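Undergrad: I have a structure I would like to understand better, so I am pasting it below and will then ask my questions one at a time.
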Amino acid sequence: MSLQLIGLARRYNSLVALDGVDLEILPRQFVVVIGPSGAGKSTLLRLINRLVEPSAGRILADGTDVTALRGAALRRWRSQSAMIFQGFNLSPRLDALTNVLVGRLIEVPAWRGLLRLFSRADQLQALAALDELGLAERAFERAERLSGGQQQRVAIARALLQRPRYILADEPVASLDPHNAELVMDALRAVNREHGITVICNLHNVDLARSYADRVVALRQGRVVFDGRPEQLAESRIPWIYQGDVEAHEVFRPRLAAATA
């Protein structure tokens, strides 16, 4: 399913968080978005998931106008575009398995979710997701007792239970040490490759972006200033992406930028 962002913008009074972004994300891509703090990376993902509303522009998913969705249709879209946050967003006193099962809440009656009455099929699926991410033996351990890297992998397993088309990962390794950061990025890449789920991931670390991405998109001052394959991201361009004037440079967007690896 192709995801198209057309003239996407978000303004907070006089602050421009995102300024007319045009992107097409192809199915099964692993896209990493880089750029300095305040460039609009988090806003971009939150707009796609409709956690915030655009000031202008549209989001199309396989022809469906995501920006027009309301009610149950919007809830389904949020389930299909699963968010993973820097802060994990787990319930610390619940065990890993129950945290993963939260990903099924949109599909079960509210009363069953409140009472944690998940079906055996859902429980087996949750356990399988944890096993896939190397955490089956931690299934009944409280989330607060897990390491940061383990908690983030639980969050990825929870996202898998939403049966998403997209995973939107907002700085998922920013608070992790290098070893755990690599484990989490490996998990996201496995989800992308083995499940065919499109991943859009915000990162500060350019080396990680080059290692894992099929495609790198750079934002600065709310605008796209680079869009290409990792090998096309020249070292000389990095200082400009993080410190340069967007008005003074041409956007690097080669014709094959949207091609999958």
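Here, A, B, ... name the chains of the structure tokens in the order displayed, residue numbers run from 1 inside each chain, and ligands are numbered from 1 in the same displayed order.
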With only C-alpha atoms counted and 12 Å as the cut-off, give the residues of region 169-189 of chain A in contact with region 32-39 of chain A, each with its shortest interatomic distance in Å and the pair that gives it, as CSV.
TA:
```
residue,atom,partner,partner_atom,distance
A:Ala169,CA,A:Val32,CA,9.3
A:Asp170,CA,A:Val33,CA,9.4
A:Glu171,CA,A:Val33,CA,9.6
A:Pro172,CA,A:Val32,CA,11.5
A:Met185,CA,A:Val32,CA,11.0
A:Leu188,CA,A:Val32,CA,11.4
A:Arg189,CA,A:Val32,CA,11.3
```
Undergrad: Save out the residues we just selected, N, CA and C atoms, as a PDB file, in the first residue's frame.
TA:
```pdb
ATOM      1  N   ALA A 169       8.033   4.536  14.229  1.00  0.00           N
ATOM      2  CA  ALA A 169       8.899   4.463  15.406  1.00  0.00           C
ATOM      3  C   ALA A 169       9.555   5.822  15.637  1.00  0.00           C
ATOM      4  N   ASP A 170       9.194   6.464  16.738  1.00  0.00           N
ATOM      5  CA  ASP A 170       9.666   7.815  17.030  1.00  0.00           C
ATOM      6  C   ASP A 170      10.843   7.764  18.005  1.00  0.00           C
ATOM      7  N   GLU A 171      12.046   7.873  17.472  1.00  0.00           N
ATOM      8  CA  GLU A 171      13.282   7.815  18.264  1.00  0.00           C
ATOM      9  C   GLU A 171      13.282   6.583  19.187  1.00  0.00           C
ATOM     10  N   PRO A 172      13.117   5.386  18.644  1.00  0.00           N
ATOM     11  CA  PRO A 172      12.957   4.204  19.492  1.00  0.00           C
ATOM     12  C   PRO A 172      14.205   3.799  20.252  1.00  0.00           C
ATOM     13  N   MET A 185      16.908  -2.102  16.707  1.00  0.00           N
ATOM     14  CA  MET A 185      16.906  -1.845  15.263  1.00  0.00           C
ATOM     15  C   MET A 185      16.876  -3.152  14.485  1.00  0.00           C
ATOM     16  N   LEU A 188      13.266  -4.227  14.473  1.00  0.00           N
ATOM     17  CA  LEU A 188      12.457  -3.475  13.514  1.00  0.00           C
ATOM     18  C   LEU A 188      12.736  -3.934  12.088  1.00  0.00           C
ATOM     19  N   ARG A 189      13.991  -4.185  11.781  1.00  0.00           N
ATOM     20  CA  ARG A 189      14.327  -4.657  10.439  1.00  0.00           C
ATOM     21  C   ARG A 189      13.734  -6.042  10.178  1.00  0.00           C
TER      22      ARG A 189
END
```
Undergrad: Which residues, written as number ranges by chain, have at least one atom at most 12 Å from region 202-204 of chain A, with only C-alpha atoms counted and residues fewer than 5 positions away on the same chain left out?
TA: A: 30-46, 83-86, 167-175, 181, 185, 209-213, 216-219, 238, 241-242
Undergrad: Could you pull the residues within 12 Å of Ala234 (chain A), counting only C-alpha atoms, minus those fewer than 4 positions along the same chain, as a list in words?
TA: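 Listed by chain and then number, they are Val206, Asp207, Arg210, Val216, Phe226, Asp227, Gly228, Arg229, Pro230, Ile238, Pro239, Trp240, Ile241 and Phe252 of chain A.
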Undergrad: Calculate how many Å separate CA of Ala139 (chain A) from CA of Ser79 (chain A), rounding to one decimal.
TA: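 According to the coordinates, CA of Ala139 (chain A) and CA of Ser79 (chain A) are separated by 22.7 Å.
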Undergrad: So that I can see what lies close to region 5-13 of chain A, please list as a CSV table (one decimal) with C-alpha atoms, in the first residue's frame the residues with an atom at most 6 Å from it, counting only C-alpha atoms and leaving out residues fewer than 2 positions away in the same chain.
TA:
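Contents of the output file around38.csv:
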```
chain,number,residue,atom,x,y,z
A,15,LEU,CA,5.6,28.2,14.8
A,16,VAL,CA,5.9,26.1,11.7
A,17,ALA,CA,6.5,22.4,12.7
A,18,LEU,CA,6.1,21.0,9.2
A,19,ASP,CA,6.1,23.0,6.0
A,20,GLY,CA,4.5,21.5,2.9
A,21,VAL,CA,6.0,18.0,2.9
A,22,ASP,CA,5.6,15.8,-0.2
A,23,LEU,CA,6.6,12.2,0.1
A,54,PRO,CA,-2.6,18.8,9.8
A,55,SER,CA,-2.9,22.5,9.2
A,56,ALA,CA,-2.8,21.9,5.5
A,57,GLY,CA,-2.3,19.0,3.0
A,58,ARG,CA,-3.5,15.5,2.8
A,59,ILE,CA,-2.4,11.9,3.6
```
Undergrad: Excluding Arg138 (chain A) and any residue of its chain fewer than 4 positions from it, enumerate the residues within 9 Å of it, using only C-alpha atoms, and give them as a ChimeraX atom specification.
TA: /A:95-97,130,134,142,146,150
Undergrad: Thr64 (chain A): which residues within 12 Å, counting only C-alpha atoms, same-chain residues fewer than 2 positions away excluded, as number ranges by chain?
TA: A: 1-5, 58-62, 66-69, 73-74, 77
Undergrad: Can you work out the spacing between CA of Leu101 (chain A) and CA of Gln80 (chain A) in Å, to one decimal?
TA: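 Separation between CA of Leu101 (chain A) and CA of Gln80 (chain A): 15.6 Å.
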Undergrad: Just how far from CA of Leu133 (chain A) is CA of Ala187 (chain A), in Å to one decimal?
TA: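 CA of Leu133 (chain A) lies at a distance of 6.5 Å from CA of Ala187 (chain A).
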Undergrad: Just want the 7 Å neighbourhood of Asn99 (chain A), counted on only C-alpha atoms, with same-chain residues fewer than 6 positions away dropped. Output as a VMD selection string.
TA: chain A and resid 90 to 91 158
Undergrad: Can you list every residue in region 2-62 of chain A that DSSP puts in strand (DSSP E), as a count of residues only?
TA: 32
Undergrad: Using only C-alpha atoms, which of A:Leu183, A:Ile25, A:Leu51, A:Ile106 sits nearest Gly148 (chain A)?
TA: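 Using only C-alpha atoms, Gly148 (chain A) sits closest to A:Leu183.
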Undergrad: Would you give me, as a short mmCIF file (atom, residue, chain, number, x, y, z; two decimals) with C-alpha atoms, in the first residue's frame, the residues in region 80-191 of chain A that DSSP reads as helix (DSSP H, G or I)?
TA:
```cif
data_model
loop_
_atom_site.label_atom_id
_atom_site.label_comp_id
_atom_site.auth_asym_id
_atom_site.auth_seq_id
_atom_site.Cartn_x
_atom_site.Cartn_y
_atom_site.Cartn_z
CA GLN A 80 -2.97 0.03 11.13
CA ALA A 96 5.21 -8.31 29.26
CA LEU A 97 2.53 -10.62 27.84
CA THR A 98 -0.33 -8.41 29.02
CA ASN A 99 1.41 -5.33 27.66
CA VAL A 100 1.64 -7.04 24.28
CA LEU A 101 -2.03 -8.03 24.43
CA VAL A 102 -2.93 -4.35 24.70
CA GLY A 103 -2.29 -4.31 20.96
CA ARG A 104 -5.52 -6.32 20.50
CA LEU A 105 -7.78 -3.89 22.39
CA ILE A 106 -9.14 -2.28 19.24
CA GLU A 107 -10.48 -5.69 18.14
CA ALA A 110 -14.15 -2.83 25.86
CA TRP A 111 -15.37 -4.88 28.84
CA ARG A 112 -13.10 -7.79 27.92
CA GLY A 113 -10.14 -5.44 27.65
CA LEU A 114 -10.87 -3.89 31.06
CA ARG A 120 -6.45 -18.07 23.96
CA ALA A 121 -5.71 -17.32 20.31
CA ASP A 122 -4.72 -13.75 21.19
CA GLN A 123 -2.57 -14.98 24.08
CA LEU A 124 -0.78 -17.47 21.84
CA GLN A 125 -0.22 -14.77 19.23
CA ALA A 126 1.20 -12.43 21.87
CA LEU A 127 3.52 -15.15 23.16
CA ALA A 128 4.64 -15.90 19.60
CA ALA A 129 5.44 -12.21 19.05
CA LEU A 130 7.53 -12.14 22.22
CA ASP A 131 9.28 -15.35 21.16
CA GLU A 132 10.04 -13.87 17.75
CA ALA A 136 9.39 -15.51 25.47
CA GLU A 137 11.10 -16.31 28.76
CA ARG A 138 10.22 -12.81 30.02
CA ALA A 143 7.62 -4.51 32.46
CA GLU A 144 9.31 -2.32 35.09
CA ARG A 145 11.82 -5.13 35.73
CA GLY A 148 15.16 -0.51 28.33
CA GLY A 149 15.98 -2.56 25.25
CA GLN A 150 13.69 -5.38 26.39
CA GLN A 151 10.87 -2.93 27.07
CA GLN A 152 11.20 -1.47 23.60
CA ARG A 153 11.05 -4.92 22.05
CA VAL A 154 7.89 -5.59 24.07
CA ALA A 155 6.51 -2.39 22.53
CA ILE A 156 7.37 -3.72 19.07
CA ALA A 157 5.60 -7.01 19.88
CA ARG A 158 2.56 -5.01 21.02
CA ALA A 159 2.61 -3.13 17.71
CA LEU A 160 2.70 -6.45 15.85
CA LEU A 161 -0.49 -7.55 17.58
CA PRO A 178 24.58 0.97 21.70
CA HIS A 179 24.08 -2.78 22.25
CA ASN A 180 20.38 -2.48 23.04
CA ALA A 181 19.94 0.08 20.28
CA GLU A 182 21.27 -2.49 17.81
CA LEU A 183 18.94 -5.19 19.17
CA VAL A 184 15.92 -2.92 18.77
CA MET A 185 16.91 -1.85 15.26
CA ASP A 186 17.49 -5.50 14.34
CA ALA A 187 13.98 -6.26 15.61
CA LEU A 188 12.46 -3.47 13.51
CA ARG A 189 14.33 -4.66 10.44
CA ALA A 190 13.15 -8.24 11.02
CA VAL A 191 9.56 -7.03 11.30
#
```
